[in-house]
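One file, work.cif, is given below (mmCIF, C-alpha atoms).
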```cif
data_structure
#
loop_
_atom_site.label_atom_id
_atom_site.label_comp_id
_atom_site.auth_asym_id
_atom_site.auth_seq_id
_atom_site.Cartn_x
_atom_site.Cartn_y
_atom_site.Cartn_z
CA ASP H 1 58.98 -115.62 -1.35
CA ASP H 2 60.37 -112.96 -3.69
CA ILE H 3 58.82 -112.31 -7.09
CA ARG H 4 61.33 -110.62 -9.38
CA THR H 5 60.70 -109.55 -12.94
CA GLY H 6 62.75 -107.72 -15.51
CA MET H 7 65.97 -108.00 -13.49
CA GLY H 8 66.99 -104.53 -14.70
CA ILE H 9 66.62 -105.39 -18.39
CA ASN H 10 63.09 -104.37 -19.36
CA THR H 11 60.38 -102.18 -17.88
CA ASN H 12 57.57 -104.32 -16.53
CA VAL H 13 53.95 -103.18 -16.67
CA ILE H 14 50.83 -104.59 -15.05
CA ASP H 15 48.07 -104.09 -17.63
CA VAL H 16 44.62 -105.30 -16.59
CA SER H 17 41.22 -104.86 -18.18
CA SER H 18 38.63 -106.00 -15.67
CA ALA H 19 35.62 -104.83 -13.69
CA ASP H 20 37.38 -106.15 -10.59
CA ASP H 21 40.35 -104.63 -8.77
CA ALA H 22 43.50 -104.58 -10.89
CA LEU H 23 45.61 -105.37 -7.83
CA ARG H 24 44.56 -106.40 -4.34
CA VAL H 25 47.00 -106.97 -1.49
CA THR H 26 45.68 -108.70 1.63
CA GLN H 27 48.07 -108.87 4.58
CA ARG H 28 46.93 -111.46 7.12
CA GLY H 29 50.09 -111.26 9.20
CA THR H 30 51.85 -108.51 11.16
CA GLY H 31 54.08 -107.22 8.37
CA ALA H 32 53.43 -104.31 6.01
CA ALA H 33 50.88 -104.76 3.23
CA LEU H 34 53.14 -103.01 0.72
CA ARG H 35 56.75 -101.84 0.77
CA ILE H 36 58.41 -100.12 -2.19
CA GLU H 37 62.19 -99.63 -2.15
CA ASP H 38 64.81 -98.33 -4.52
CA SER H 39 67.98 -100.21 -5.45
CA THR H 40 69.16 -100.13 -1.82
CA SER H 41 67.56 -103.06 -0.03
CA PRO H 42 66.33 -102.73 2.61
CA ASP H 43 65.79 -99.08 1.79
CA VAL H 44 66.00 -96.69 4.74
CA THR H 45 63.51 -94.30 3.07
CA PRO H 46 60.81 -96.60 1.66
CA PHE H 47 57.18 -96.13 0.73
CA VAL H 48 55.18 -98.33 3.09
CA VAL H 49 51.51 -99.22 3.42
CA THR H 50 50.95 -100.87 6.79
CA ASN H 51 48.63 -103.79 7.44
CA SER H 52 46.11 -101.20 8.74
CA GLY H 53 46.21 -99.23 5.49
CA ASP H 54 48.34 -96.39 6.90
CA MET H 55 50.87 -94.75 4.57
CA LEU H 56 54.50 -93.92 5.39
CA VAL H 57 57.01 -92.16 3.14
CA GLY H 58 60.68 -91.95 4.14
CA HIS H 59 60.37 -94.16 7.22
CA ASP H 60 58.95 -97.55 8.15
CA VAL H 61 57.93 -96.77 11.74
CA GLN H 62 54.97 -94.56 12.64
CA ILE H 63 55.86 -91.63 14.89
CA GLN H 64 53.52 -90.08 17.46
CA THR H 65 52.98 -86.33 17.64
CA ASP H 66 50.98 -83.79 19.66
CA ASN H 67 47.47 -82.67 18.78
CA ASP H 68 45.81 -79.39 19.70
CA SER H 69 44.70 -80.69 23.11
CA GLY H 70 48.18 -81.72 24.23
CA THR H 71 47.58 -85.45 23.69
CA LEU H 72 49.95 -87.68 21.75
CA PHE H 73 48.45 -89.54 18.80
CA THR H 74 49.68 -91.40 15.71
CA PRO H 75 48.76 -89.82 12.34
CA ARG H 76 47.77 -92.42 9.74
CA HIS H 77 49.70 -90.80 6.88
CA GLN H 78 53.26 -89.56 7.45
CA ILE H 79 56.11 -88.11 5.39
CA HIS H 80 59.61 -88.19 6.91
CA GLY H 81 62.77 -86.60 5.57
CA THR H 82 66.07 -85.03 6.55
CA THR H 83 65.83 -82.01 4.22
CA GLU H 84 63.15 -79.50 3.28
CA ALA H 85 62.76 -81.15 -0.12
CA SER H 86 62.40 -84.69 1.26
CA SER H 87 59.72 -83.68 3.80
CA THR H 88 57.65 -81.24 1.72
CA LEU H 89 54.28 -81.91 0.11
CA ALA H 90 53.81 -79.90 -3.10
CA LEU H 91 50.64 -79.52 -5.18
CA TYR H 92 50.77 -78.34 -8.81
CA THR H 93 48.12 -77.25 -11.29
CA TRP H 94 48.90 -76.67 -14.98
CA ASN H 95 46.04 -74.66 -16.45
CA THR H 96 45.68 -71.53 -18.61
CA SER H 97 42.79 -70.32 -16.44
CA THR H 98 43.37 -67.66 -13.77
CA THR H 99 41.45 -69.93 -11.37
CA ASN H 100 41.67 -73.66 -10.61
CA GLY H 101 44.81 -73.47 -8.48
CA PRO H 102 45.65 -76.40 -6.16
CA HIS H 103 43.72 -76.57 -2.88
CA ILE H 104 43.81 -78.39 0.41
CA VAL H 105 40.25 -79.19 1.51
CA PHE H 106 39.19 -79.96 5.08
CA SER H 107 35.64 -81.33 5.50
CA LYS H 108 33.81 -82.28 8.71
CA SER H 109 30.44 -83.92 9.31
CA SER H 110 28.75 -84.49 12.67
CA SER H 111 27.76 -87.97 11.51
CA GLY H 112 29.57 -90.85 13.17
CA THR H 113 29.20 -93.04 10.07
CA VAL H 114 31.39 -92.59 6.99
CA GLY H 115 29.32 -91.56 3.98
CA THR H 116 26.27 -90.31 5.88
CA ARG H 117 25.44 -86.65 6.52
CA THR H 118 24.65 -84.76 9.74
CA VAL H 119 24.80 -80.97 9.98
CA VAL H 120 27.58 -79.49 12.11
CA THR H 121 26.87 -77.18 15.05
CA SER H 122 28.32 -73.85 16.15
CA GLY H 123 31.86 -74.21 17.51
CA THR H 124 32.60 -77.42 15.60
CA ASP H 125 36.27 -77.81 14.68
CA LEU H 126 36.36 -78.09 10.87
CA GLY H 127 40.11 -78.61 10.61
CA GLY H 128 43.42 -77.09 11.49
CA ILE H 129 47.12 -76.77 10.81
CA VAL H 130 49.32 -77.68 13.79
CA PHE H 131 52.98 -76.75 14.19
CA ASN H 132 54.96 -79.03 16.55
CA GLY H 133 58.57 -79.03 17.72
CA ASP H 134 60.70 -81.79 19.24
CA ASP H 135 61.18 -81.13 22.98
CA GLY H 136 63.70 -83.95 23.31
CA ALA H 137 61.10 -86.62 24.07
CA ASN H 138 57.94 -85.75 22.13
CA PHE H 139 56.73 -83.51 19.35
CA THR H 140 54.96 -80.74 21.30
CA ILE H 141 52.58 -78.13 19.92
CA ALA H 142 53.92 -74.59 19.40
CA ALA H 143 51.21 -72.97 17.27
CA GLU H 144 47.95 -73.75 15.48
CA ILE H 145 45.48 -72.30 12.99
CA LEU H 146 41.91 -73.56 13.37
CA ALA H 147 38.73 -73.24 11.31
CA GLU H 148 35.47 -73.51 13.26
CA VAL H 149 31.76 -73.13 12.65
CA ASP H 150 30.76 -69.62 13.77
CA GLY H 151 27.00 -69.80 14.26
CA SER H 152 24.08 -71.98 13.23
CA ALA H 153 24.71 -74.05 10.09
CA ALA H 154 21.99 -75.18 7.69
CA LEU H 155 21.57 -76.28 4.08
CA GLY H 156 23.56 -73.81 1.97
CA ASP H 157 24.61 -71.81 5.07
CA MET H 158 27.97 -72.44 6.76
CA PRO H 159 29.28 -69.49 8.84
CA GLY H 160 32.95 -69.91 9.74
CA ARG H 161 35.75 -68.34 11.72
CA LEU H 162 39.54 -68.65 11.80
CA VAL H 163 41.33 -68.91 15.14
CA PHE H 164 45.08 -68.37 15.63
CA LEU H 165 46.77 -69.90 18.69
CA THR H 166 50.33 -69.98 20.08
CA THR H 167 52.02 -71.67 23.03
CA ALA H 168 53.42 -69.37 25.71
CA ASP H 169 56.97 -69.77 27.00
CA GLY H 170 57.04 -72.48 29.68
CA ALA H 171 53.78 -74.08 28.49
CA ASN H 172 52.89 -77.05 26.27
CA THR H 173 49.35 -76.13 25.20
CA VAL H 174 48.17 -73.39 22.89
CA THR H 175 46.22 -70.26 23.82
CA GLU H 176 44.03 -68.30 21.43
CA ARG H 177 45.63 -65.01 20.37
CA MET H 178 43.49 -63.82 17.45
CA ARG H 179 40.31 -64.72 15.56
CA ILE H 180 38.48 -63.60 12.44
CA THR H 181 34.72 -64.08 12.76
CA SER H 182 32.15 -64.92 10.11
CA ALA H 183 31.24 -61.21 10.07
CA GLY H 184 34.82 -60.23 9.24
CA LEU H 185 35.54 -58.84 12.71
CA VAL H 186 39.11 -59.30 13.99
CA GLY H 187 39.65 -59.92 17.68
CA ILE H 188 43.11 -59.85 19.31
CA GLY H 189 43.00 -60.96 22.93
CA THR H 190 39.22 -61.30 22.84
CA VAL H 191 36.93 -64.11 21.66
CA SER H 192 33.98 -61.77 21.07
CA PRO H 193 35.15 -58.88 18.86
CA GLN H 194 32.62 -56.06 18.60
CA ALA H 195 34.37 -53.98 15.91
CA THR H 196 36.36 -54.43 12.71
CA LEU H 197 39.44 -54.55 14.96
CA ASP H 198 38.89 -55.25 18.65
CA VAL H 199 42.00 -55.45 20.87
CA GLY H 200 41.94 -56.59 24.47
CA GLY H 201 42.91 -59.23 26.95
CA LEU H 202 46.27 -58.07 28.34
CA SER H 203 46.79 -58.45 32.08
CA GLY H 204 46.80 -55.51 34.45
CA SER H 205 44.74 -52.33 34.58
CA VAL H 206 45.77 -51.27 31.06
CA ASP H 207 44.28 -54.19 29.17
CA ARG H 208 43.58 -52.86 25.67
CA THR H 209 46.66 -51.56 23.90
CA ILE H 210 47.58 -50.75 20.31
CA ARG H 211 51.14 -49.65 19.57
CA VAL H 212 52.44 -48.59 16.17
CA GLY H 213 56.17 -48.25 15.61
CA GLY H 214 57.81 -45.73 13.31
CA THR H 215 61.36 -44.97 12.21
CA GLY H 216 63.93 -45.71 14.91
CA ASN H 217 62.42 -45.63 18.41
CA VAL H 218 59.45 -43.42 17.56
CA TYR H 219 56.06 -44.95 18.34
CA GLY H 220 52.43 -44.08 18.87
CA GLY H 221 49.82 -45.93 20.84
CA MET H 222 46.36 -46.12 22.31
CA SER H 223 45.36 -47.93 25.48
CA VAL H 224 42.33 -48.24 27.76
CA ASN H 225 42.71 -48.23 31.54
CA THR H 226 39.74 -50.20 32.83
CA SER H 227 40.29 -49.27 36.47
CA SER H 228 39.86 -45.56 35.73
CA ALA H 229 37.82 -45.83 32.49
CA LEU H 230 40.49 -43.65 30.84
CA VAL H 231 41.47 -43.77 27.17
CA ASN H 232 45.16 -43.01 26.70
CA LEU H 233 46.71 -41.72 23.49
CA THR H 234 50.50 -41.93 23.51
CA ALA H 235 53.33 -40.52 21.43
CA GLY H 236 56.82 -41.61 22.35
CA ASN H 237 60.45 -41.73 21.34
CA ALA H 238 62.08 -44.49 23.38
CA GLY H 239 65.35 -43.39 24.98
CA VAL H 240 64.87 -39.77 23.89
CA THR H 241 63.15 -37.02 25.89
CA GLY H 242 60.54 -34.95 24.13
CA SER H 243 57.70 -36.17 21.98
CA SER H 244 54.51 -34.59 20.70
CA LEU H 245 51.01 -35.83 19.91
CA GLY H 246 49.36 -34.47 16.77
CA ILE H 247 45.81 -34.69 15.43
CA PHE H 248 45.41 -34.52 11.66
CA THR H 249 42.45 -34.25 9.28
CA THR H 250 42.23 -34.50 5.51
CA GLY H 251 41.29 -31.28 3.71
CA THR H 252 39.34 -30.82 0.50
CA ASP H 253 42.64 -31.06 -1.38
CA GLY H 254 43.04 -34.65 -0.13
CA ASN H 255 46.13 -33.86 1.95
CA GLU H 256 46.53 -34.53 5.67
CA THR H 257 46.98 -31.36 7.73
CA GLU H 258 47.86 -31.07 11.41
CA ARG H 259 45.05 -29.38 13.37
CA VAL H 260 46.01 -29.90 17.03
CA ARG H 261 49.33 -30.57 18.76
CA ILE H 262 50.14 -31.47 22.36
CA SER H 263 53.82 -30.84 23.06
CA SER H 264 56.07 -32.75 25.44
CA THR H 265 55.58 -29.99 28.02
CA GLY H 266 51.79 -30.25 27.85
CA ASN H 267 51.15 -27.14 25.79
CA VAL H 268 48.25 -27.43 23.35
CA GLY H 269 48.45 -25.76 19.97
CA ILE H 270 45.52 -25.40 17.57
CA ALA H 271 46.48 -24.59 13.97
CA THR H 272 50.06 -24.03 15.14
CA THR H 273 52.99 -26.37 15.59
#
```

As structure tokens, what does this structure read like?
Amino acid sequence: DDIRTGMGINTNVIDVSSADDALRVTQRGTGAALRIEDSTSPDVTPFVVTNSGDMLVGHDVQIQTDNDSGTLFTPRHQIHGTTEASSTLALYTWNTSTTNGPHIVFSKSSSGTVGTRTVVTSGTDLGGIVFNGDDGANFTIAAEILAEVDGSAALGDMPGRLVFLTTADGANTVTERMRITSAGLVGIGTVSPQATLDVGGLSGSVDRTIRVGGTGNVYGGMSVNTSSALVNLTAGNAGVTGSSLGIFTTGTDGNETERVRISSTGNVGIATT
């Protein structure tokens, strides 16, 4: 049966003063526990609480999506929309303090019982942000940012790392591309960085490469050839013949000064250009 109040004349308020629940909805059938619509009935973009307690905004059917292991699952809380505004979650804080901005908090316990505590172990997935795209049949993962425990955790001690993953062309699962460890070390193409920036993991004999681009086609780079144990320093100008490699140091005046130059013909100049 329908219960209608106000009929568009007055605003209706439920005002309860009780130690018990102000409103309890128990759905014993297969329909939704709660459905809120606007003046269009049935509304095509409702707010729905299912009989399992799941929440839907903008749609009344739960949609499956991909998780970070390539398995389809059904998220319990979903927002659907046809525009950026109708499918965006926004958090606002109004405060004169320079702190206390809005946050999204991810928390993980190794306990299998809600409300009880068990310490997490190294490598535990603490939460992530997954980016999926529609492949025509399913929402398939394209990229992910993960937070994991990075060492032994204990009371008041929670080492963490961030892991960045993308899906290669022709694939449907993500591969780690970069991580930031609990020590602040950044690894690109390696899961065990040994320096502030550790680059590695490319295929072939030259498997550690850093390339820095300049104006136009000018670039500089450094690579390591593992087959010959050779460190390569490169200066290039793509599409143009002739490039030089310079070595600079900073003098007592604070300015960078060229000290050594290797020309495109292989000549080496010290204190001369």

Checklist entry - So what does the PyMOL selection byres ((chain H and resi 149) around 12) actually pick up in this one, as JSON, numbers by chain? => result {"H": [107, 108, 109, 110, 119, 120, 121, 122, 123, 124, 125, 126, 127, 146, 147, 148, 150, 151, 152, 153, 154, 157, 158, 159, 160, 161, 162, 163, 180, 181, 182]}

Checklist entry - What gap, in Å, lies between CA of Asn51 (chain H) and CA of Gly31 (chain H)? => result 6.5 Å

Checklist entry - In Å, how far is it from CA of Phe248 (chain H) to CA of Gly189 (chain H)? => result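 Between CA of Phe248 (chain H) and CA of Gly189 (chain H) the gap is 28.8 Å.
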
Next on the checklist: Please expand the PyMOL selection byres ((chain H and resi 197) around 9) into the concrete residues it hits in this file, giving the result as a ChimeraX atom specification.
Outcome noted: /H:185-188,193-196,198-199

Let me see the file: selected residues, C-alpha atoms, as an mmCIF file, in the frame of the given file.
```cif
data_model
loop_
_atom_site.group_PDB
_atom_site.id
_atom_site.type_symbol
_atom_site.label_atom_id
_atom_site.label_comp_id
_atom_site.auth_asym_id
_atom_site.auth_seq_id
_atom_site.Cartn_x
_atom_site.Cartn_y
_atom_site.Cartn_z
ATOM 1 C CA LEU H 185 35.540 -58.840 12.710
ATOM 2 C CA VAL H 186 39.110 -59.300 13.990
ATOM 3 C CA GLY H 187 39.650 -59.920 17.680
ATOM 4 C CA ILE H 188 43.110 -59.850 19.310
ATOM 5 C CA PRO H 193 35.150 -58.880 18.860
ATOM 6 C CA GLN H 194 32.620 -56.060 18.600
ATOM 7 C CA ALA H 195 34.370 -53.980 15.910
ATOM 8 C CA THR H 196 36.360 -54.430 12.710
ATOM 9 C CA ASP H 198 38.890 -55.250 18.650
ATOM 10 C CA VAL H 199 42.000 -55.450 20.870
#
```

I need the output of the PyMOL selection byres ((chain H and resi 32-49) around 12) for this file as a compact mmCIF listing (two decimals) with C-alpha atoms, in the coordinates of the input; which residues are they?
```txt
# COMPACT_ATOMS: atom_id res chain seq x y z
CA MET H 7 65.97 -108.00 -13.49
CA GLY H 8 66.99 -104.53 -14.70
CA LEU H 23 45.61 -105.37 -7.83
CA ARG H 24 44.56 -106.40 -4.34
CA VAL H 25 47.00 -106.97 -1.49
CA THR H 26 45.68 -108.70 1.63
CA GLN H 27 48.07 -108.87 4.58
CA ARG H 28 46.93 -111.46 7.12
CA GLY H 29 50.09 -111.26 9.20
CA THR H 30 51.85 -108.51 11.16
CA GLY H 31 54.08 -107.22 8.37
CA THR H 50 50.95 -100.87 6.79
CA ASN H 51 48.63 -103.79 7.44
CA SER H 52 46.11 -101.20 8.74
CA GLY H 53 46.21 -99.23 5.49
CA ASP H 54 48.34 -96.39 6.90
CA MET H 55 50.87 -94.75 4.57
CA LEU H 56 54.50 -93.92 5.39
CA VAL H 57 57.01 -92.16 3.14
CA GLY H 58 60.68 -91.95 4.14
CA HIS H 59 60.37 -94.16 7.22
CA ASP H 60 58.95 -97.55 8.15
CA VAL H 61 57.93 -96.77 11.74
CA GLN H 62 54.97 -94.56 12.64
CA ARG H 76 47.77 -92.42 9.74
CA HIS H 77 49.70 -90.80 6.88
CA GLN H 78 53.26 -89.56 7.45
CA ILE H 79 56.11 -88.11 5.39
CA HIS H 80 59.61 -88.19 6.91
CA GLY H 81 62.77 -86.60 5.57
CA THR H 82 66.07 -85.03 6.55
CA SER H 86 62.40 -84.69 1.26
CA SER H 87 59.72 -83.68 3.80
```
